[in-house]
file structure-v5.cif (mmCIF, C-alpha atoms; chains and numbers go by the auth columns)
data_input
loop_
_atom_site.group_PDB
_atom_site.id
_atom_site.type_symbol
_atom_site.label_atom_id
_atom_site.label_comp_id
_atom_site.label_asym_id
_atom_site.label_seq_id
_atom_site.Cartn_x
_atom_site.Cartn_y
_atom_site.Cartn_z
_atom_site.B_iso_or_equiv
_atom_site.auth_seq_id
_atom_site.auth_asym_id
ATOM 1 C CA MET A 1 72.489 103.148 119.437 0.00 2 A
ATOM 2 C CA SER A 2 74.135 106.121 117.842 0.00 3 A
ATOM 3 C CA ASP A 3 74.102 109.305 119.943 0.00 4 A
ATOM 4 C CA ASP A 4 74.443 112.161 117.480 0.00 5 A
ATOM 5 C CA ARG A 5 74.977 115.286 119.527 0.00 6 A
ATOM 6 C CA SER A 6 76.561 117.372 116.799 0.00 7 A
ATOM 7 C CA GLU A 7 75.017 120.722 115.983 0.00 8 A
ATOM 8 C CA THR A 8 73.523 120.460 112.509 0.00 9 A
ATOM 9 C CA PRO A 9 71.115 122.812 110.720 0.00 10 A
ATOM 10 C CA ARG A 10 67.493 121.870 111.273 0.00 11 A
ATOM 11 C CA GLU A 11 65.243 121.325 108.314 0.00 12 A
ATOM 12 C CA TYR A 12 62.053 121.393 110.336 0.00 13 A
ATOM 13 C CA HIS A 13 59.576 124.213 110.722 0.00 14 A
ATOM 14 C CA ARG A 14 60.172 126.409 113.775 0.00 15 A
ATOM 15 C CA PRO A 15 57.032 127.572 115.559 0.00 16 A
ATOM 16 C CA VAL A 16 56.406 131.205 116.345 0.00 17 A
ATOM 17 C CA GLN A 17 56.974 130.781 120.090 0.00 18 A
ATOM 18 C CA ARG A 18 59.368 128.348 121.715 0.00 19 A
ATOM 19 C CA PRO A 19 57.709 126.187 124.374 0.00 20 A
ATOM 20 C CA ALA A 20 60.584 126.511 126.846 0.00 21 A
ATOM 21 C CA SER A 21 60.153 130.285 127.106 0.00 22 A
ATOM 22 C CA THR A 22 56.398 129.947 127.160 0.00 23 A
ATOM 23 C CA PHE A 23 56.559 127.894 130.354 0.00 24 A
ATOM 24 C CA ASP A 24 58.078 130.855 132.168 0.00 25 A
ATOM 25 C CA ARG A 25 56.054 133.626 130.566 0.00 26 A
ATOM 26 C CA ARG A 26 53.375 135.452 132.552 0.00 27 A
ATOM 27 C CA TYR A 27 50.230 136.966 131.108 0.00 28 A
ATOM 28 C CA GLY A 28 48.582 139.852 132.896 0.00 29 A
ATOM 29 C CA SER A 29 44.873 140.387 133.276 0.00 30 A
ATOM 30 C CA THR A 30 42.774 143.038 134.919 0.00 31 A
ATOM 31 C CA ASP A 31 40.119 140.409 135.635 0.00 32 A
ATOM 32 C CA PRO A 32 41.541 136.906 136.206 0.00 33 A
ATOM 33 C CA ALA A 33 38.074 135.497 136.884 0.00 34 A
ATOM 34 C CA GLU A 34 36.891 136.673 133.484 0.00 35 A
ATOM 35 C CA VAL A 35 39.937 135.178 131.790 0.00 36 A
ATOM 36 C CA SER A 36 39.266 131.870 133.562 0.00 37 A
ATOM 37 C CA ARG A 37 35.635 131.850 132.445 0.00 38 A
ATOM 38 C CA ALA A 38 36.678 132.649 128.884 0.00 39 A
ATOM 39 C CA ALA A 39 39.313 129.883 128.917 0.00 40 A
ATOM 40 C CA HIS A 40 36.806 127.250 129.969 0.00 41 A
ATOM 41 C CA ALA A 41 34.106 128.523 127.631 0.00 42 A
ATOM 42 C CA THR A 42 36.334 128.629 124.539 0.00 43 A
ATOM 43 C CA ALA A 43 37.886 125.223 125.229 0.00 44 A
ATOM 44 C CA SER A 44 34.490 123.613 125.756 0.00 45 A
ATOM 45 C CA ALA A 45 32.894 125.290 122.744 0.00 46 A
ATOM 46 C CA LEU A 46 35.797 124.409 120.461 0.00 47 A
ATOM 47 C CA LEU A 47 35.927 120.771 121.476 0.00 48 A
ATOM 48 C CA THR A 48 32.166 120.231 121.515 0.00 49 A
ATOM 49 C CA ARG A 49 31.552 121.857 118.144 0.00 50 A
ATOM 50 C CA VAL A 50 34.313 120.007 116.324 0.00 51 A
ATOM 51 C CA ARG A 51 33.545 116.629 117.899 0.00 52 A
ATOM 52 C CA ASP A 52 29.823 116.958 117.162 0.00 53 A
ATOM 53 C CA GLU A 53 30.384 117.857 113.510 0.00 54 A
ATOM 54 C CA PRO A 54 33.917 116.811 112.568 0.00 55 A
ATOM 55 C CA SER A 55 35.279 118.303 109.377 0.00 56 A
ATOM 56 C CA ASP A 56 38.648 117.347 107.919 0.00 57 A
ATOM 57 C CA GLU A 57 39.331 120.954 106.992 0.00 58 A
ATOM 58 C CA VAL A 58 38.534 122.299 110.466 0.00 59 A
ATOM 59 C CA VAL A 59 40.478 119.535 112.230 0.00 60 A
ATOM 60 C CA ASP A 60 43.478 120.183 109.979 0.00 61 A
ATOM 61 C CA ARG A 61 43.366 123.865 110.915 0.00 62 A
ATOM 62 C CA LEU A 62 43.219 123.081 114.620 0.00 63 A
ATOM 63 C CA VAL A 63 46.077 120.579 114.437 0.00 64 A
ATOM 64 C CA THR A 64 48.263 123.141 112.639 0.00 65 A
ATOM 65 C CA LEU A 65 46.964 126.164 114.567 0.00 66 A
ATOM 66 C CA THR A 66 50.295 127.009 116.160 0.00 67 A
ATOM 67 C CA ASP A 67 52.094 126.849 112.797 0.00 68 A
ATOM 68 C CA THR A 68 50.482 130.073 111.658 0.00 69 A
ATOM 69 C CA HIS A 69 49.459 131.816 114.875 0.00 70 A
ATOM 70 C CA GLY A 70 52.023 130.660 117.434 0.00 71 A
ATOM 71 C CA ILE A 71 51.421 129.655 121.008 0.00 72 A
ATOM 72 C CA ASP A 72 50.303 133.138 122.079 0.00 73 A
ATOM 73 C CA THR A 73 46.921 132.591 120.442 0.00 74 A
ATOM 74 C CA LEU A 74 46.171 129.930 123.047 0.00 75 A
ATOM 75 C CA ALA A 75 48.332 131.094 125.924 0.00 76 A
ATOM 76 C CA GLU A 76 46.483 134.293 126.693 0.00 77 A
ATOM 77 C CA LEU A 77 43.427 132.267 127.688 0.00 78 A
ATOM 78 C CA TRP A 78 44.599 128.751 128.499 0.00 79 A
ATOM 79 C CA SER A 79 48.063 128.983 130.045 0.00 80 A
ATOM 80 C CA HIS A 80 46.909 129.733 133.605 0.00 81 A
ATOM 81 C CA SER A 81 44.045 127.266 133.665 0.00 82 A
ATOM 82 C CA PRO A 82 44.268 124.517 136.307 0.00 83 A
ATOM 83 C CA ALA A 83 46.079 121.393 135.161 0.00 84 A
ATOM 84 C CA SER A 84 42.987 119.287 135.841 0.00 85 A
ATOM 85 C CA SER A 85 40.730 121.229 133.506 0.00 86 A
ATOM 86 C CA LEU A 86 39.768 121.089 129.837 0.00 87 A
ATOM 87 C CA PRO A 87 41.679 124.245 128.815 0.00 88 A
ATOM 88 C CA GLY A 88 44.632 123.094 130.941 0.00 89 A
ATOM 89 C CA ALA A 89 44.683 119.737 129.150 0.00 90 A
ATOM 90 C CA LEU A 90 44.451 121.324 125.695 0.00 91 A
ATOM 91 C CA TRP A 91 47.196 123.797 126.583 0.00 92 A
ATOM 92 C CA ARG A 92 49.535 120.971 127.547 0.00 93 A
ATOM 93 C CA LEU A 93 48.784 119.019 124.380 0.00 94 A
ATOM 94 C CA TYR A 94 49.668 122.019 122.211 0.00 95 A
ATOM 95 C CA LEU A 95 52.860 122.588 124.203 0.00 96 A
ATOM 96 C CA LEU A 96 53.913 118.999 123.572 0.00 97 A
ATOM 97 C CA GLN A 97 53.268 119.458 119.869 0.00 98 A
ATOM 98 C CA LEU A 98 55.400 122.600 119.864 0.00 99 A
ATOM 99 C CA MET A 99 58.169 120.905 121.824 0.00 100 A
ATOM 100 C CA VAL A 100 58.556 118.344 119.060 0.00 101 A
ATOM 101 C CA ARG A 101 58.143 120.771 116.177 0.00 102 A
ATOM 102 C CA ASP A 102 60.638 123.180 117.665 0.00 103 A
ATOM 103 C CA ASP A 103 63.404 120.578 117.859 0.00 104 A
ATOM 104 C CA ALA A 104 62.333 117.287 116.351 0.00 105 A
ATOM 105 C CA ARG A 105 65.877 115.911 116.311 0.00 106 A
ATOM 106 C CA THR A 106 66.277 116.253 120.074 0.00 107 A
ATOM 107 C CA ALA A 107 62.770 114.929 120.710 0.00 108 A
ATOM 108 C CA ALA A 108 63.586 111.856 118.611 0.00 109 A
ATOM 109 C CA LEU A 109 66.892 111.315 120.430 0.00 110 A
ATOM 110 C CA LEU A 110 65.175 111.518 123.819 0.00 111 A
ATOM 111 C CA TYR A 111 62.395 109.201 122.713 0.00 112 A
ATOM 112 C CA GLU A 112 64.812 106.546 121.503 0.00 113 A
ATOM 113 C CA ARG A 113 66.857 106.832 124.703 0.00 114 A
ATOM 114 C CA GLY A 114 63.658 106.595 126.714 0.00 115 A
ATOM 115 C CA ARG A 115 62.569 103.537 124.763 0.00 116 A
ATOM 116 C CA THR A 116 65.708 101.688 125.894 0.00 117 A
ATOM 117 C CA VAL A 117 65.308 102.465 129.611 0.00 118 A
ATOM 118 C CA ARG A 118 61.548 102.740 130.091 0.00 119 A
ATOM 119 C CA HIS A 119 59.770 99.487 130.837 0.00 120 A
ATOM 120 C CA GLY A 120 56.031 98.926 130.837 0.00 121 A
ATOM 121 C CA VAL A 121 53.141 99.819 128.563 0.00 122 A
ATOM 122 C CA ASP A 122 53.994 103.454 127.833 0.00 123 A
ATOM 123 C CA ILE A 123 55.861 102.684 124.614 0.00 124 A
ATOM 124 C CA VAL A 124 52.902 100.684 123.321 0.00 125 A
ATOM 125 C CA VAL A 125 50.324 103.267 124.422 0.00 126 A
ATOM 126 C CA ALA A 126 52.224 106.204 122.891 0.00 127 A
ATOM 127 C CA GLY A 127 52.225 104.371 119.580 0.00 128 A
ATOM 128 C CA ALA A 128 55.406 105.623 117.937 0.00 129 A
ATOM 129 C CA PRO A 129 56.998 103.413 115.250 0.00 130 A
ATOM 130 C CA THR A 130 60.364 101.747 115.764 0.00 131 A
ATOM 131 C CA PRO A 131 62.686 103.510 115.280 0.00 132 A
ATOM 132 C CA ALA A 132 61.060 106.917 115.742 0.00 133 A
ATOM 133 C CA GLY A 133 62.955 109.631 113.897 0.00 134 A
ATOM 134 C CA PRO A 134 62.102 113.341 113.756 0.00 135 A
ATOM 135 C CA GLU A 135 59.471 112.965 111.035 0.00 136 A
ATOM 136 C CA GLU A 136 57.847 110.021 112.803 0.00 137 A
ATOM 137 C CA LEU A 137 57.578 111.929 116.078 0.00 138 A
ATOM 138 C CA MET A 138 56.119 114.969 114.344 0.00 139 A
ATOM 139 C CA ALA A 139 53.519 112.710 112.766 0.00 140 A
ATOM 140 C CA LEU A 140 52.836 111.073 116.136 0.00 141 A
ATOM 141 C CA VAL A 141 52.085 114.287 118.031 0.00 142 A
ATOM 142 C CA ASN A 142 49.857 115.469 115.190 0.00 143 A
ATOM 143 C CA GLU A 143 48.041 112.140 115.290 0.00 144 A
ATOM 144 C CA ILE A 144 47.524 112.447 119.050 0.00 145 A
ATOM 145 C CA LEU A 145 46.185 115.980 118.690 0.00 146 A
ATOM 146 C CA ARG A 146 43.921 114.905 115.852 0.00 147 A
ATOM 147 C CA GLY A 147 42.531 112.211 118.152 0.00 148 A
ATOM 148 C CA VAL A 148 41.464 114.940 120.557 0.00 149 A
ATOM 149 C CA PHE A 149 38.970 116.207 117.992 0.00 150 A
ATOM 150 C CA THR A 150 37.983 113.033 116.157 0.00 151 A
ATOM 151 C CA GLY A 151 38.566 110.065 118.480 0.00 152 A
ATOM 152 C CA ASP A 152 38.380 109.051 122.123 0.00 153 A
ATOM 153 C CA PHE A 153 39.557 112.135 124.008 0.00 154 A
ATOM 154 C CA ALA A 154 40.671 110.123 127.054 0.00 155 A
ATOM 155 C CA VAL A 155 42.753 107.819 124.847 0.00 156 A
ATOM 156 C CA ALA A 156 44.417 110.843 123.241 0.00 157 A
ATOM 157 C CA LEU A 157 45.300 112.190 126.685 0.00 158 A
ATOM 158 C CA GLU A 158 46.682 108.814 127.756 0.00 159 A
ATOM 159 C CA ARG A 159 48.788 108.551 124.603 0.00 160 A
ATOM 160 C CA ALA A 160 50.180 112.015 125.287 0.00 161 A
ATOM 161 C CA ALA A 161 50.921 111.043 128.897 0.00 162 A
ATOM 162 C CA SER A 162 52.787 107.914 127.797 0.00 163 A
ATOM 163 C CA PHE A 163 54.715 109.940 125.231 0.00 164 A
ATOM 164 C CA CYS A 164 55.734 112.328 128.034 0.00 165 A
ATOM 165 C CA ARG A 165 56.947 109.470 130.227 0.00 166 A
ATOM 166 C CA VAL A 166 59.113 107.988 127.482 0.00 167 A
ATOM 167 C CA GLU A 167 60.573 111.427 126.650 0.00 168 A
ATOM 168 C CA ALA A 168 61.165 112.106 130.350 0.00 169 A
ATOM 169 C CA ALA A 169 63.013 108.806 130.773 0.00 170 A
ATOM 170 C CA GLY A 170 65.194 109.655 127.791 0.00 171 A
ATOM 171 C CA ALA A 171 65.958 113.152 129.072 0.00 172 A
ATOM 172 C CA ALA A 172 66.918 111.832 132.508 0.00 173 A
ATOM 173 C CA ASP A 173 69.120 109.133 130.978 0.00 174 A
ATOM 174 C CA LEU A 174 70.870 111.599 128.693 0.00 175 A
ATOM 175 C CA ALA A 175 71.349 114.013 131.607 0.00 176 A
ATOM 176 C CA ASP A 176 73.445 111.342 133.339 0.00 177 A
ATOM 177 C CA ASP A 177 75.788 111.297 130.336 0.00 178 A
ATOM 178 C CA TYR A 178 76.421 115.045 130.606 0.00 179 A
ATOM 179 C CA ASP A 179 76.499 115.288 134.393 0.00 180 A
ATOM 180 C CA ALA A 180 80.280 115.408 134.773 0.00 181 A
ATOM 181 C CA ALA A 181 81.395 117.164 131.579 0.00 182 A
ATOM 182 C CA GLU A 182 78.493 119.596 130.974 0.00 183 A
ATOM 183 C CA PRO A 183 76.585 120.174 134.216 0.00 184 A
ATOM 184 C CA ASP A 184 74.503 123.018 132.787 0.00 185 A
ATOM 185 C CA ARG A 185 73.240 120.844 129.974 0.00 186 A
ATOM 186 C CA ALA A 186 72.614 118.014 132.402 0.00 187 A
ATOM 187 C CA ALA A 187 70.582 120.363 134.601 0.00 188 A
ATOM 188 C CA ALA A 188 68.499 121.529 131.623 0.00 189 A
ATOM 189 C CA LEU A 189 67.752 117.934 130.639 0.00 190 A
ATOM 190 C CA THR A 190 66.837 117.045 134.214 0.00 191 A
ATOM 191 C CA THR A 191 64.451 119.994 134.356 0.00 192 A
ATOM 192 C CA ARG A 192 62.900 118.887 131.091 0.00 193 A
ATOM 193 C CA ALA A 193 62.483 115.353 132.422 0.00 194 A
ATOM 194 C CA LEU A 194 60.749 116.584 135.574 0.00 195 A
ATOM 195 C CA ARG A 195 58.448 118.853 133.586 0.00 196 A
ATOM 196 C CA LEU A 196 57.472 116.074 131.200 0.00 197 A
ATOM 197 C CA ASP A 197 56.895 113.647 134.050 0.00 198 A
ATOM 198 C CA THR A 198 54.633 116.215 135.719 0.00 199 A
ATOM 199 C CA TYR A 199 52.710 116.664 132.489 0.00 200 A
ATOM 200 C CA ALA A 200 52.280 112.898 132.217 0.00 201 A
ATOM 201 C CA GLY A 201 50.614 112.762 135.612 0.00 202 A
ATOM 202 C CA GLU A 202 48.390 115.750 134.850 0.00 203 A
ATOM 203 C CA LEU A 203 47.248 114.375 131.505 0.00 204 A
ATOM 204 C CA THR A 204 46.506 110.987 133.070 0.00 205 A
ATOM 205 C CA THR A 205 44.383 112.718 135.697 0.00 206 A
ATOM 206 C CA CYS A 206 42.525 114.607 132.975 0.00 207 A
ATOM 207 C CA ALA A 207 41.826 111.349 131.125 0.00 208 A
ATOM 208 C CA GLY A 208 40.229 109.907 134.238 0.00 209 A
ATOM 209 C CA LEU A 209 38.151 113.044 134.771 0.00 210 A
ATOM 210 C CA TRP A 210 36.968 112.952 131.151 0.00 211 A
ATOM 211 C CA ARG A 211 35.793 109.354 131.544 0.00 212 A
ATOM 212 C CA ARG A 212 33.801 110.419 134.634 0.00 213 A
ATOM 213 C CA HIS A 213 32.351 113.394 132.733 0.00 214 A
ATOM 214 C CA SER A 214 34.103 115.703 135.197 0.00 215 A
ATOM 215 C CA LEU A 215 36.672 117.481 133.014 0.00 216 A
ATOM 216 C CA THR A 216 35.484 121.071 132.534 0.00 217 A
#

call {"tool": "encode", "arguments": {"input": "structure-v5.cif", "output": "structure tokens"}}
result
Amino acid sequence: MSDDRSETPREYHRPVQRPASTFDRRYGSTDPAEVSRAAHATASALLTRVRDEPSDEVVDRLVTLTDTHGIDTLAELWSHSPASSLPGALWRLYLLQLMVRDDARTAALLYERGRTVRHGVDIVVAGAPTPAGPEELMALVNEILRGVFTGDFAVALERAASFCRVEAAGAADLADDYDAAEPDRAAALTTRALRLDTYAGELTTCAGLWRRHSLT
């Protein structure tokens, strides 16, 4: 498979806030308990209202929310929520969407690398076409996020988890290629792989909690 690592101008929309910096950002609060209550309340109200009365227009706005408002709109409430919580799950889903939108070419490269080294059901569960280029991956993450509001929420979480595992496998495999010549780049890819693998486990846990009516 071709490994195009050349720096070429991107034609894809760049979100307001890059996910990588968002992972390390800290949001202050004079009342963390109040922020936590607000995070859970807004996540629950948003999901319940849209799922009870789905509207194409509303779902479209939620899927493209970060296009116009950036990640900060969600981060101030959801970023510090526990991983095994509804706002924590939604926060991770939006971060995955931003990861792809921010650099769809790299996401596609990692996915295709991951597809060649990852064995098991994750490729089937994630549901990306073969091959999956930048546009296909952007469509995939939007489809997964749309499923949060209009389909089986647990299935959407499991698709996102499988997507993370394939991307993580690709990042780890590509890191090996750079290990000797570009150790800094290899380290960054390894970090990305570990983060994605962690997200996969957290999203899988959330899917199980949702099925037991315990995700709040």

call {"tool": "residues_around", "arguments": {"input": "structure-v5.cif", "residues": "A:Val156", "least_positions_apart": "3", "cutoff": "10 Å", "atoms": "all atoms listed in the file", "output": "ChimeraX atom specification"}}
result
/A:126-127,145,148-149,152-153,159-162,205,208-209,211-212

call {"tool": "closest_residue", "arguments": {"input": "structure-v5.cif", "among": "A:Glu137, A:Glu35, A:Asp177, A:Glu203", "to": "A:Ala109", "atoms": "only C-alpha atoms"}}
result
A:Glu137

call {"tool": "atom_distance", "arguments": {"input": "structure-v5.cif", "atom1": "atom CA of A:Arg62", "atom2": "atom CA of A:Trp92"}}
result
16.1 Å

call {"tool": "resolve_selection", "arguments": {"input": "structure-v5.cif", "expression": "the PyMOL selection byres ((chain A and resi 194-202) around 6)", "output": "PDB file with C-alpha atoms, in the coordinates of the input"}}
result
ATOM      1  CA  ALA A 162      50.921 111.043 128.897  1.00  0.00           C
ATOM      2  CA  CYS A 165      55.734 112.328 128.034  1.00  0.00           C
ATOM      3  CA  ARG A 166      56.947 109.470 130.227  1.00  0.00           C
ATOM      4  CA  ALA A 169      61.165 112.106 130.350  1.00  0.00           C
ATOM      5  CA  ALA A 172      65.958 113.152 129.072  1.00  0.00           C
ATOM      6  CA  ALA A 173      66.918 111.832 132.508  1.00  0.00           C
ATOM      7  CA  THR A 191      66.837 117.045 134.214  1.00  0.00           C
ATOM      8  CA  THR A 192      64.451 119.994 134.356  1.00  0.00           C
ATOM      9  CA  ARG A 193      62.900 118.887 131.091  1.00  0.00           C
ATOM     10  CA  GLU A 203      48.390 115.750 134.850  1.00  0.00           C
ATOM     11  CA  LEU A 204      47.248 114.375 131.505  1.00  0.00           C
ATOM     12  CA  THR A 205      46.506 110.987 133.070  1.00  0.00           C
TER      13      THR A 205
END

call {"tool": "atom_distance", "arguments": {"input": "structure-v5.cif", "atom1": "atom CA of A:Glu77", "atom2": "atom CA of A:Glu144"}}
result
25.0 Å

call {"tool": "closest_residue", "arguments": {"input": "structure-v5.cif", "among": "A:Tyr179, A:Arg147, A:Leu190, A:Ala84", "to": "A:Ser56", "atoms": "all atoms listed in the file"}}
result
A:Arg147

call {"tool": "decode", "arguments": {"input": "structure-v5.cif", "residues": "stretch 99-109 of chain A", "atoms": "all heavy atoms", "output": "compact mmCIF listing (two decimals), in the first residue's frame"}}
result
# COMPACT_ATOMS: atom_id res chain seq x y z
N LEU A 99 -13.59 15.38 15.73
CA LEU A 99 -12.65 16.47 15.47
C LEU A 99 -11.29 15.95 15.03
O LEU A 99 -10.63 16.57 14.20
CB LEU A 99 -12.50 17.33 16.73
CG LEU A 99 -13.61 18.35 16.96
CD1 LEU A 99 -13.44 19.02 18.30
CD2 LEU A 99 -13.61 19.39 15.85
N MET A 100 -10.86 14.83 15.59
CA MET A 100 -9.59 14.26 15.20
C MET A 100 -9.55 13.99 13.70
O MET A 100 -8.57 14.28 13.02
CB MET A 100 -9.34 12.96 15.97
CG MET A 100 -8.02 12.28 15.63
SD MET A 100 -7.93 10.59 16.27
CE MET A 100 -9.00 9.72 15.09
N VAL A 101 -10.64 13.44 13.18
CA VAL A 101 -10.70 13.13 11.76
C VAL A 101 -10.84 14.41 10.94
O VAL A 101 -10.14 14.60 9.93
CB VAL A 101 -11.86 12.17 11.46
CG1 VAL A 101 -11.98 11.94 9.96
CG2 VAL A 101 -11.64 10.84 12.18
N ARG A 102 -11.71 15.31 11.35
CA ARG A 102 -11.91 16.53 10.58
C ARG A 102 -10.67 17.41 10.56
O ARG A 102 -10.41 18.11 9.59
CB ARG A 102 -13.11 17.30 11.15
CG ARG A 102 -14.43 16.62 10.89
CD ARG A 102 -15.58 17.52 11.24
NE ARG A 102 -16.84 16.86 10.93
CZ ARG A 102 -18.01 17.44 11.01
NH1 ARG A 102 -18.10 18.70 11.40
NH2 ARG A 102 -19.11 16.78 10.72
N ASP A 103 -9.92 17.37 11.64
CA ASP A 103 -8.73 18.21 11.71
C ASP A 103 -7.65 17.75 10.74
O ASP A 103 -6.91 18.57 10.18
CB ASP A 103 -8.18 18.20 13.13
CG ASP A 103 -7.01 19.14 13.30
OD1 ASP A 103 -7.19 20.34 13.11
OD2 ASP A 103 -5.90 18.65 13.59
N ASP A 104 -7.53 16.46 10.55
CA ASP A 104 -6.50 15.93 9.64
C ASP A 104 -7.00 14.62 9.06
O ASP A 104 -6.60 13.52 9.49
CB ASP A 104 -5.18 15.73 10.39
CG ASP A 104 -4.02 15.43 9.46
OD1 ASP A 104 -4.28 15.21 8.25
OD2 ASP A 104 -2.87 15.39 9.92
N ALA A 105 -7.89 14.73 8.11
CA ALA A 105 -8.52 13.54 7.54
C ALA A 105 -7.52 12.67 6.77
O ALA A 105 -7.67 11.45 6.72
CB ALA A 105 -9.68 13.95 6.60
N ARG A 106 -6.51 13.28 6.19
CA ARG A 106 -5.52 12.50 5.45
C ARG A 106 -4.75 11.56 6.37
O ARG A 106 -4.55 10.38 6.06
CB ARG A 106 -4.55 13.44 4.72
CG ARG A 106 -5.15 14.16 3.54
CD ARG A 106 -4.16 15.16 2.95
NE ARG A 106 -2.96 14.50 2.47
CZ ARG A 106 -2.83 13.96 1.25
NH1 ARG A 106 -3.83 14.01 0.40
NH2 ARG A 106 -1.69 13.39 0.90
N THR A 107 -4.31 12.08 7.51
CA THR A 107 -3.59 11.24 8.46
C THR A 107 -4.50 10.17 9.05
O THR A 107 -4.10 9.00 9.20
CB THR A 107 -2.99 12.08 9.59
OG1 THR A 107 -2.02 12.98 9.04
CG2 THR A 107 -2.32 11.21 10.64
N ALA A 108 -5.73 10.55 9.38
CA ALA A 108 -6.68 9.58 9.92
C ALA A 108 -6.90 8.43 8.94
O ALA A 108 -6.96 7.26 9.32
CB ALA A 108 -8.01 10.26 10.25
N ALA A 109 -7.01 8.76 7.65
CA ALA A 109 -7.21 7.74 6.63
C ALA A 109 -5.98 6.84 6.50
O ALA A 109 -6.09 5.62 6.34
CB ALA A 109 -7.54 8.38 5.29
